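File shown: target_15.cif. Contents: mmCIF, C-alpha atoms.
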data_model
#
loop_
_atom_site.label_atom_id
_atom_site.label_comp_id
_atom_site.auth_asym_id
_atom_site.auth_seq_id
_atom_site.Cartn_x
_atom_site.Cartn_y
_atom_site.Cartn_z
CA ILE X 450 59.69 -20.74 52.55
CA THR X 451 58.54 -19.41 49.19
CA PHE X 452 58.45 -20.60 45.62
CA ASP X 453 60.60 -19.04 42.98
CA VAL X 454 58.11 -17.67 40.49
CA GLU X 455 60.01 -14.47 39.77
CA THR X 456 59.35 -13.32 36.23
CA PRO X 457 61.70 -11.03 34.32
CA THR X 458 60.90 -7.33 34.40
CA THR X 459 64.07 -5.92 32.88
CA LEU X 460 64.23 -4.91 29.23
CA PRO X 461 67.45 -4.91 27.22
CA PRO X 462 68.90 -1.39 26.90
CA CYS X 463 67.71 0.61 23.89
CA LYS X 464 70.50 1.48 21.48
CA GLY X 465 71.00 3.92 18.62
CA SER X 466 71.20 3.13 14.92
CA TYR X 467 72.08 -0.39 13.83
CA LEU X 468 73.86 -0.12 10.49
CA ALA X 469 75.32 -3.64 10.16
CA THR X 470 78.67 -2.80 8.53
CA ASP X 471 80.70 0.32 7.74
CA ASN X 472 80.15 -0.27 4.05
CA ILE X 473 76.36 -0.45 4.37
CA LYS X 474 76.38 2.50 6.75
CA ALA X 475 78.16 4.61 4.14
CA ILE X 476 75.75 3.60 1.37
CA VAL X 477 72.63 4.16 3.46
CA LEU X 478 73.70 7.50 4.96
CA ARG X 479 74.75 8.88 1.58
CA PHE X 480 71.43 7.75 0.13
CA LEU X 481 69.40 9.41 2.89
CA GLN X 482 71.26 12.68 2.56
CA GLN X 483 70.62 12.77 -1.17
CA TYR X 484 67.04 11.54 -0.88
CA TYR X 485 65.93 14.08 1.71
CA ALA X 486 67.71 16.95 -0.03
CA ILE X 487 65.28 16.37 -2.91
CA TYR X 488 62.29 15.32 -0.79
CA ASP X 489 62.51 18.52 1.25
CA GLY X 490 62.92 20.66 -1.87
CA GLU X 491 60.28 22.53 -3.87
CA ASP X 492 59.65 19.73 -6.34
CA ARG X 493 59.87 16.03 -5.56
CA GLN X 494 59.93 15.09 -9.26
CA GLY X 495 63.68 14.78 -8.80
CA LEU X 496 63.00 11.49 -7.01
CA LEU X 497 61.97 9.84 -10.27
CA ASN X 498 65.36 8.26 -10.80
CA VAL X 499 65.48 6.95 -7.23
CA TYR X 500 62.47 4.66 -7.70
CA HIS X 501 62.26 1.41 -9.67
CA ASP X 502 59.73 1.30 -12.55
CA GLU X 503 57.59 -1.11 -10.55
CA ALA X 504 58.09 0.52 -7.14
CA CYS X 505 55.27 0.71 -4.66
CA CYS X 506 54.59 3.13 -1.86
CA SER X 507 52.05 3.72 0.89
CA LEU X 508 51.54 5.82 3.98
CA SER X 509 49.73 5.34 7.27
CA ILE X 510 48.87 7.37 10.35
CA PRO X 511 47.65 6.22 13.78
CA ILE X 512 43.94 5.90 14.36
CA VAL X 513 42.53 9.40 14.68
CA SER X 514 39.74 9.83 17.17
CA GLY X 515 37.26 12.67 17.35
CA PRO X 516 34.25 13.62 15.25
CA ASN X 517 36.14 14.90 12.24
CA PRO X 518 39.38 13.03 11.63
CA ALA X 519 39.98 14.76 8.30
CA ARG X 520 40.37 18.05 10.17
CA SER X 521 42.66 16.64 12.83
CA SER X 522 46.28 17.70 12.99
CA LEU X 523 47.31 14.83 10.71
CA GLY X 524 44.49 15.70 8.34
CA ASP X 525 46.79 16.22 5.37
CA TYR X 526 47.66 12.55 5.51
CA PHE X 527 44.28 11.20 6.56
CA THR X 528 42.79 10.56 3.13
CA ASN X 529 45.90 8.65 2.06
CA SER X 530 46.28 6.58 5.21
CA ARG X 531 46.40 2.88 4.43
CA ASN X 532 45.66 1.41 7.84
CA LEU X 533 44.49 -2.12 7.12
CA LYS X 534 43.27 -2.47 10.68
CA ARG X 535 40.47 -0.06 9.82
CA LEU X 536 40.33 -0.14 6.05
CA ARG X 537 38.19 -3.09 4.93
CA ASP X 538 37.23 -2.13 1.38
CA PRO X 539 39.52 -4.12 -0.97
CA ALA X 540 39.19 -1.54 -3.76
CA LEU X 541 40.26 1.31 -1.48
CA ARG X 542 43.08 -0.79 -0.05
CA PHE X 543 44.38 -1.30 -3.56
CA LYS X 544 43.91 2.33 -4.56
CA LEU X 545 46.01 3.55 -1.62
CA LEU X 546 48.90 1.29 -2.53
CA LYS X 547 50.69 3.44 -5.10
CA HIS X 548 52.35 1.39 -7.78
CA LYS X 549 54.84 2.35 -10.54
CA ARG X 550 57.41 5.06 -10.50
CA LEU X 551 55.27 7.89 -11.91
CA ASN X 552 52.37 7.22 -9.54
CA VAL X 553 54.67 6.94 -6.56
CA VAL X 554 56.47 10.21 -7.24
CA SER X 555 53.32 12.16 -8.06
CA PHE X 556 51.78 10.82 -4.85
CA LEU X 557 54.81 11.96 -2.84
CA ASN X 558 54.78 15.29 -4.64
CA GLU X 559 51.24 15.99 -3.44
CA LEU X 560 52.10 15.52 0.22
CA PRO X 561 52.81 18.67 2.26
CA ARG X 562 56.26 20.32 1.90
CA THR X 563 58.61 19.22 4.65
CA GLN X 564 61.93 19.90 6.34
CA HIS X 565 63.47 16.80 7.91
CA ASP X 566 65.85 17.00 10.87
CA LEU X 567 68.59 14.68 9.66
CA ASN X 568 70.31 14.85 13.04
CA SER X 569 67.25 13.19 14.58
CA PHE X 570 67.50 10.14 12.33
CA VAL X 571 67.90 6.71 13.86
CA VAL X 572 68.42 4.10 11.16
CA ASP X 573 68.24 0.31 11.41
CA VAL X 574 69.40 -2.01 8.65
CA THR X 575 67.09 -5.00 8.88
CA ALA X 576 68.09 -7.16 5.91
CA GLN X 577 70.81 -7.23 3.32
CA THR X 578 71.53 -9.64 0.47
CA ASN X 579 73.19 -9.22 -2.92
CA THR X 580 69.87 -8.08 -4.36
CA LEU X 581 68.11 -6.40 -1.43
CA LEU X 582 68.75 -3.78 1.21
CA CYS X 583 66.01 -3.06 3.73
CA PHE X 584 66.41 -0.20 6.21
CA VAL X 585 64.17 1.75 8.55
CA VAL X 586 64.45 5.44 9.35
CA ASN X 587 62.96 7.02 12.48
CA GLY X 588 63.03 10.79 12.89
CA VAL X 589 61.19 14.09 12.94
CA PHE X 590 60.29 16.72 10.36
CA LYS X 591 58.58 20.08 10.13
CA VAL X 592 55.55 20.54 7.92
CA GLU X 593 56.10 23.75 5.99
CA GLY X 594 53.62 26.30 4.79
CA GLN X 595 51.21 25.79 7.67
CA SER X 596 50.71 28.09 10.61
CA ASN X 597 53.43 27.39 13.20
CA ASP X 598 55.06 24.64 11.06
CA PRO X 599 54.06 21.63 13.19
CA VAL X 600 56.64 18.95 14.02
CA ARG X 601 55.79 15.36 13.10
CA ALA X 602 57.55 12.09 13.79
CA PHE X 603 57.90 9.32 11.23
CA THR X 604 59.07 5.76 10.75
CA ARG X 605 59.83 4.87 7.14
CA VAL X 606 60.83 1.51 5.68
CA PHE X 607 62.78 1.52 2.42
CA ILE X 608 63.60 -1.58 0.38
CA ALA X 609 66.15 -1.08 -2.38
CA VAL X 610 67.87 -3.05 -5.11
CA PRO X 611 71.33 -2.11 -6.41
CA GLY X 612 71.16 0.93 -8.71
CA ASN X 613 73.52 2.89 -10.92
CA GLU X 614 76.94 3.98 -9.69
CA ALA X 615 76.76 1.96 -6.48
CA GLY X 616 73.55 3.77 -5.60
CA LEU X 617 70.20 2.39 -4.53
CA LEU X 618 66.97 1.99 -6.46
CA LEU X 619 63.83 1.87 -4.30
CA VAL X 620 61.30 -0.89 -4.86
CA ASN X 621 59.28 -0.40 -1.66
CA ASP X 622 58.60 2.65 0.52
CA GLN X 623 56.25 2.61 3.53
CA GLN X 624 55.91 5.66 5.70
CA PHE X 625 54.19 5.97 9.07
CA ILE X 626 53.55 9.51 10.33
CA ARG X 627 52.37 10.57 13.79
CA ASN X 628 52.31 13.65 16.01
CA ALA X 629 55.64 14.27 17.71
CA SER X 630 55.81 14.02 21.49
CA THR X 631 56.62 17.12 23.57
CA ASP X 632 60.08 15.71 24.10
CA GLU X 633 60.62 15.17 20.36
CA ILE X 634 59.39 18.69 19.62
CA ARG X 635 61.75 20.15 22.21
CA LYS X 636 64.75 18.32 20.75
CA ALA X 637 63.85 18.81 17.09
CA PHE X 638 66.24 20.93 15.04
CA ALA X 639 68.33 21.72 18.12
CA THR X 640 72.03 22.01 17.35
CA PRO X 641 73.36 18.67 18.53
CA ALA X 642 75.83 18.82 21.36
CA PRO X 643 78.66 16.31 21.30
CA THR X 644 77.26 13.08 22.69
CA PRO X 645 79.10 10.23 24.35
CA SER X 646 79.09 7.14 22.17
CA SER X 647 76.85 5.15 24.49
CA SER X 648 73.91 7.50 24.05
CA PRO X 649 71.89 7.90 20.85
CA VAL X 650 74.27 9.30 18.28
CA PRO X 651 72.69 11.30 15.47
CA VAL X 652 73.82 9.22 12.53
CA LEU X 653 73.85 12.03 10.04
CA ALA X 654 75.58 14.61 12.18
CA PRO X 655 78.14 16.56 10.15
CA MET Q 816 48.52 -5.34 -18.65
CA ALA Q 817 49.83 -8.65 -17.39
CA ALA Q 818 52.16 -6.85 -15.00
CA SER Q 819 49.34 -4.83 -13.40
CA TYR Q 820 47.28 -7.98 -13.01
CA ASP Q 821 50.15 -9.69 -11.25
CA PHE Q 822 50.59 -6.72 -8.98
CA LYS Q 823 46.92 -6.81 -7.96
CA THR Q 824 47.24 -10.53 -7.22
CA ASP Q 825 50.38 -9.92 -5.19
CA ALA Q 826 48.81 -6.99 -3.33
CA ASP Q 827 45.78 -9.12 -2.36
CA LEU Q 828 48.03 -11.99 -1.31
CA ALA Q 829 50.06 -9.57 0.81
CA SER Q 830 46.91 -8.20 2.47
CA ARG Q 831 45.67 -11.65 3.41
CA ALA Q 832 49.08 -12.70 4.69
CA ALA Q 833 49.45 -9.53 6.77
CA GLU Q 834 46.01 -9.80 8.29
CA GLY Q 835 46.51 -13.37 9.44
CA PHE Q 836 50.06 -12.70 10.55
CA VAL Q 837 49.46 -9.60 12.67
CA SER Q 838 46.83 -11.20 14.90
CA LEU Q 839 48.72 -14.49 15.19
CA TYR Q 840 52.09 -12.87 15.93
CA TYR Q 841 51.02 -10.63 18.80
CA GLU Q 842 48.71 -13.22 20.32
CA THR Q 843 51.58 -15.72 20.31
CA PHE Q 844 53.93 -13.09 21.76
CA ASP Q 845 51.55 -12.35 24.66
CA LYS Q 846 50.13 -15.79 25.37
CA ARG Q 847 52.38 -18.49 23.96
CA ARG Q 848 55.82 -16.89 23.97
CA ARG Q 849 57.63 -20.23 23.70
CA GLN Q 850 55.98 -20.90 20.35
CA LEU Q 851 56.98 -17.54 18.95
CA THR Q 852 60.22 -18.54 17.24
CA LYS Q 853 58.32 -21.12 15.18
CA LEU Q 854 57.14 -18.13 13.17
CA TYR Q 855 60.75 -17.23 12.32
CA MET Q 856 63.05 -18.81 9.72
CA ASP Q 857 66.12 -20.60 11.10
CA THR Q 858 68.26 -17.82 9.68
CA ALA Q 859 65.96 -14.96 10.71
CA THR Q 860 67.31 -11.70 12.08
CA LEU Q 861 65.81 -9.31 14.60
CA VAL Q 862 66.91 -5.77 15.39
CA TRP Q 863 65.27 -4.92 18.71
CA ASN Q 864 65.69 -1.29 19.76
CA GLY Q 865 69.06 -1.29 18.02
CA ASN Q 866 70.21 -4.69 19.35
CA PRO Q 867 70.88 -7.24 16.57
CA ILE Q 868 69.92 -10.87 17.23
CA SER Q 869 70.10 -13.63 14.64
CA GLY Q 870 69.30 -17.32 14.35
CA GLN Q 871 66.77 -19.51 16.16
CA GLU Q 872 68.81 -20.18 19.28
CA ALA Q 873 69.60 -16.56 19.95
CA LEU Q 874 65.98 -15.62 19.30
CA ILE Q 875 64.67 -18.25 21.70
CA GLU Q 876 67.02 -16.96 24.38
CA PHE Q 877 66.10 -13.36 23.68
CA PHE Q 878 62.32 -13.81 23.80
CA GLU Q 879 62.55 -15.91 26.95
CA MET Q 880 64.36 -13.07 28.70
CA LEU Q 881 61.69 -10.46 27.89
CA PRO Q 882 59.04 -9.78 30.56
CA SER Q 883 55.48 -10.84 29.84
CA SER Q 884 53.73 -8.50 27.45
CA GLU Q 885 50.42 -7.01 26.44
CA PHE Q 886 50.45 -5.76 22.86
CA GLN Q 887 47.82 -3.64 21.19
CA VAL Q 888 48.16 -3.04 17.48
CA THR Q 889 46.24 -0.04 16.21
CA THR Q 890 47.70 0.39 12.72
CA PHE Q 891 49.17 -1.97 10.16
CA ASP Q 892 50.01 -1.86 6.48
CA CYS Q 893 51.71 -4.17 4.00
CA GLN Q 894 53.27 -4.24 0.54
CA PRO Q 895 54.37 -7.03 -1.78
CA VAL Q 896 58.16 -6.81 -2.08
CA HIS Q 897 59.43 -6.60 -5.64
CA GLU Q 898 60.73 -9.89 -7.06
CA GLN Q 899 63.93 -8.31 -8.27
CA ALA Q 900 64.86 -7.75 -4.63
CA THR Q 901 63.90 -11.24 -3.47
CA GLN Q 902 65.16 -13.30 -6.41
CA GLY Q 903 61.66 -14.50 -7.12
CA GLN Q 904 60.73 -15.60 -3.61
CA LYS Q 905 57.29 -14.29 -2.61
CA THR Q 906 57.94 -11.72 0.11
CA VAL Q 907 55.70 -9.31 1.97
CA LEU Q 908 56.62 -6.24 3.99
CA VAL Q 909 54.38 -5.82 7.05
CA VAL Q 910 54.54 -2.70 9.24
CA THR Q 911 52.71 -2.30 12.53
CA HIS Q 912 52.19 0.42 15.14
CA GLY Q 913 50.64 0.20 18.57
CA SER Q 914 51.39 0.11 22.25
CA VAL Q 915 52.96 -2.49 24.49
CA LYS Q 916 53.11 -2.94 28.23
CA PHE Q 917 55.94 -5.16 29.46
CA GLU Q 918 55.48 -6.32 33.04
CA GLY Q 919 57.27 -3.98 35.44
CA ASN Q 920 57.74 -1.30 32.78
CA LYS Q 921 55.82 1.76 31.66
CA PRO Q 922 53.75 1.38 28.48
CA HIS Q 923 55.49 2.26 25.23
CA TYR Q 924 54.37 3.09 21.73
CA PHE Q 925 56.21 0.95 19.22
CA ASN Q 926 56.74 0.50 15.49
CA GLN Q 927 57.68 -2.87 14.05
CA ASN Q 928 58.25 -4.18 10.56
CA PHE Q 929 58.70 -7.65 9.15
CA LEU Q 930 59.75 -9.29 5.93
CA LEU Q 931 57.71 -12.47 5.52
CA THR Q 932 58.71 -15.06 2.93
CA LEU Q 933 56.51 -17.82 1.55
CA HIS Q 934 57.79 -21.40 1.99
CA THR Q 935 56.34 -24.40 0.22
CA TYR Q 936 56.29 -27.74 1.99
CA PRO Q 937 54.86 -31.06 0.71
CA SER Q 938 51.67 -30.58 2.71
CA ASN Q 939 51.24 -26.81 2.87
CA ARG Q 940 52.56 -23.31 2.27
CA LEU Q 941 53.68 -21.13 5.16
CA TRP Q 942 54.77 -17.54 5.67
CA LYS Q 943 57.84 -17.21 7.85
CA ILE Q 944 59.63 -14.18 9.26
CA ALA Q 945 62.91 -13.53 7.48
CA SER Q 946 63.61 -10.26 9.30
CA ASP Q 947 62.03 -8.27 12.09
CA CYS Q 948 62.81 -4.75 13.32
CA PHE Q 949 61.27 -3.33 16.48
CA ARG Q 950 61.56 0.11 18.10
CA PHE Q 951 59.93 1.93 20.97
CA GLN Q 952 58.84 5.35 19.76
CA ASP Q 953 59.73 7.03 23.04
CA TRP Q 954 62.94 5.13 23.72
CA ALA Q 955 65.27 8.11 23.76
CA SER Q 956 63.23 10.11 26.28
#
Structure translated into structure tokens:
Amino acid sequence: ITFDVETPTTLPPCKGSYLATDNIKAIVLRFLQQYYAIYDGEDRQGLLNVYHDEACCSLSIPIVSGPNPARSSLGDYFTNSRNLKRLRDPALRFKLLKHKRLNVVSFLNELPRTQHDLNSFVVDVTAQTNTLLCFVVNGVFKVEGQSNDPVRAFTRVFIAVPGNEAGLLLVNDQQFIRNASTDEIRKAFATPAPTPSSSPVPVLAP
Amino acid sequence: MAASYDFKTDADLASRAAEGFVSLYYETFDKRRRQLTKLYMDTATLVWNGNPISGQEALIEFFEMLPSSEFQVTTFDCQPVHEQATQGQKTVLVVTHGSVKFEGNKPHYFNQNFLLTLHTYPSNRLWKIASDCFRFQDWAS
């Protein structure tokens, strides 16, 4: 005779993008295509009309260990990383939260040039009202202009209000960047084979 | 000038909210799972590794089904959400990154983000989760 103290050990299956409705899916995917076409270009100034006047933006990277974090592989992002777990100084916390359209875009423009793999994107729509659309993009990108163009992974939260011509105007942008895993590097920028619908479907596949 | 001042106030408010929230949320998740949904609005939504769940009852059922957990948060950040998006309701975006070990499963890195809204009651003011989005970073492997 035993007691039933079995605890659950099974996790729900992981699924691909959650885009709420077809209408929202269309708006979000069109936005991302347009956004990253500019973001991956030579000059990110073109993003000026995508951000609200009072937009804010920040970036964070995982805790970097080792004697010289600034020289680590994520070094380009280190000085701008707003990790509140580590960052105690209120003045520095405030400085790293970029506020207003011009500051946001010039901040983004100073980050390394990139090439995003749109086929790697997994997008979740987390909230939608008449005045707000919040969505999260997970994916990988190549850093350009460095030896061997390293692959990075990112998770980026965008919050938008309705903009011109049924477009979106960003009010918040938070980007988390980390080293890609070996598996992510292997799959990055590979031509996607047709996938059955139950497996992760690249949402931006042509 | 007034606008910048307000932004500083909002940014500080967001920081304080995020700090308190992050430690409370994951401690509750690990140690007092049954209390967890008290942190969510009645109408809250969760997207968990692509699975949408909404409303208190569904959330209670969902969290009860998950194995026991050990979360470690190593990075978090927050931003005040612009009032034009929230129709004036104070709202904070909180993003976290760390690792989690669910009993009987291998450890995973995860990213999670929340929209917290401020609610005023006769006796106090509380932040509640309006939306929550969680993803393993190695889920597709």
Taken to one decimal, the atom CA of Q:Ala833-atom CA of Q:Ala873 distance is 25.1 Å
For chain X, report every residue with an atom at most 6 Å from chain Q (counting all atoms listed in the file), formatted as a short mmCIF file (atom, residue, chain, number, x, y, z; two decimals) with C-alpha atoms, in the frame of the given file.
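Generated output (result_11.cif):
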data_model
loop_
_atom_site.label_atom_id
_atom_site.label_comp_id
_atom_site.auth_asym_id
_atom_site.auth_seq_id
_atom_site.Cartn_x
_atom_site.Cartn_y
_atom_site.Cartn_z
CA PRO X 457 61.70 -11.03 34.32
CA THR X 458 60.90 -7.33 34.40
CA CYS X 463 67.71 0.61 23.89
CA LYS X 464 70.50 1.48 21.48
CA GLY X 465 71.00 3.92 18.62
CA SER X 466 71.20 3.13 14.92
CA TYR X 467 72.08 -0.39 13.83
CA PRO X 511 47.65 6.22 13.78
CA ASN X 532 45.66 1.41 7.84
CA LEU X 533 44.49 -2.12 7.12
CA LYS X 534 43.27 -2.47 10.68
CA THR X 580 69.87 -8.08 -4.36
CA LEU X 581 68.11 -6.40 -1.43
CA VAL X 610 67.87 -3.05 -5.11
#
Using only C-alpha atoms, determine which residues lie at most 12 Å from X:Arg635, disregarding the query and same-chain residues fewer than 4 positions distant; provide the list as a count of residues only. 11
What lies within 9 Å of stretch 840-852 of chain Q using all atoms listed in the file, ignoring chain neighbours under 2 positions off, as number ranges by chain? Q: 835-838, 854-857, 871-872, 874-875, 878-879, 883-888
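Against this structure, the PyMOL selection byres ((chain X and resi 598) around 12) ends up with X:Ser522, X:Pro561, X:Arg562, X:Thr563, X:Gln564, X:His565, X:Phe590, X:Lys591, X:Val592, X:Glu593, X:Gly594, X:Gln595, X:Ser596, X:Asn597, X:Pro599, X:Val600, X:Arg601, X:Ile634.
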Nearest to X:Val571, chosen from X:Val499, X:Leu468, X:Ile487, X:Gln482, with only C-alpha atoms counted in the distances: X:Leu468
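One finds atom CA of X:Phe543 at 14.8 Å from atom CA of Q:Ala832.
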Considering only C-alpha atoms, can you say which of X:Leu567, X:Val585, X:Val574, X:Cys506 comes closest to X:Leu551? X:Cys506
If we count only C-alpha atoms and set the cut-off at 9 Å, which residues sit around X:Ser509, ignoring sequence neighbours fewer than 3 positions away in its own chain? Please answer as a PDB file with C-alpha atoms, in the coordinates of the input.
ATOM      1  CA  TYR X 526      47.660  12.550   5.510  1.00  0.00           C
ATOM      2  CA  PHE X 527      44.280  11.200   6.560  1.00  0.00           C
ATOM      3  CA  ASN X 529      45.900   8.650   2.060  1.00  0.00           C
ATOM      4  CA  SER X 530      46.280   6.580   5.210  1.00  0.00           C
ATOM      5  CA  ARG X 531      46.400   2.880   4.430  1.00  0.00           C
ATOM      6  CA  ASN X 532      45.660   1.410   7.840  1.00  0.00           C
ATOM      7  CA  GLN X 623      56.250   2.610   3.530  1.00  0.00           C
ATOM      8  CA  GLN X 624      55.910   5.660   5.700  1.00  0.00           C
ATOM      9  CA  PHE X 625      54.190   5.970   9.070  1.00  0.00           C
ATOM     10  CA  ILE X 626      53.550   9.510  10.330  1.00  0.00           C
ATOM     11  CA  ARG X 627      52.370  10.570  13.790  1.00  0.00           C
TER      12      ARG X 627
ATOM     13  CA  THR Q 890      47.700   0.390  12.720  1.00  0.00           C
ATOM     14  CA  PHE Q 891      49.170  -1.970  10.160  1.00  0.00           C
ATOM     15  CA  ASP Q 892      50.010  -1.860   6.480  1.00  0.00           C
TER      16      ASP Q 892
END
Starting from the displayed file, determine the output of the PyMOL selection byres ((chain X and resi 554) around 10) and express the residue list as a ChimeraX atom specification. /X:493-500,504-506,547-553,555-559
Which value, in Å to one decimal, gives the distance between atom CA of Q:Asp821 and atom CA of X:Leu508? 21.8 Å
Residues picked by the PyMOL selection byres ((chain Q and resi 941) around 12) here, as JSON, numbers by chain? {"Q": [832, 835, 836, 853, 854, 855, 856, 905, 906, 931, 932, 933, 934, 935, 936, 937, 938, 939, 940, 942, 943, 944]}
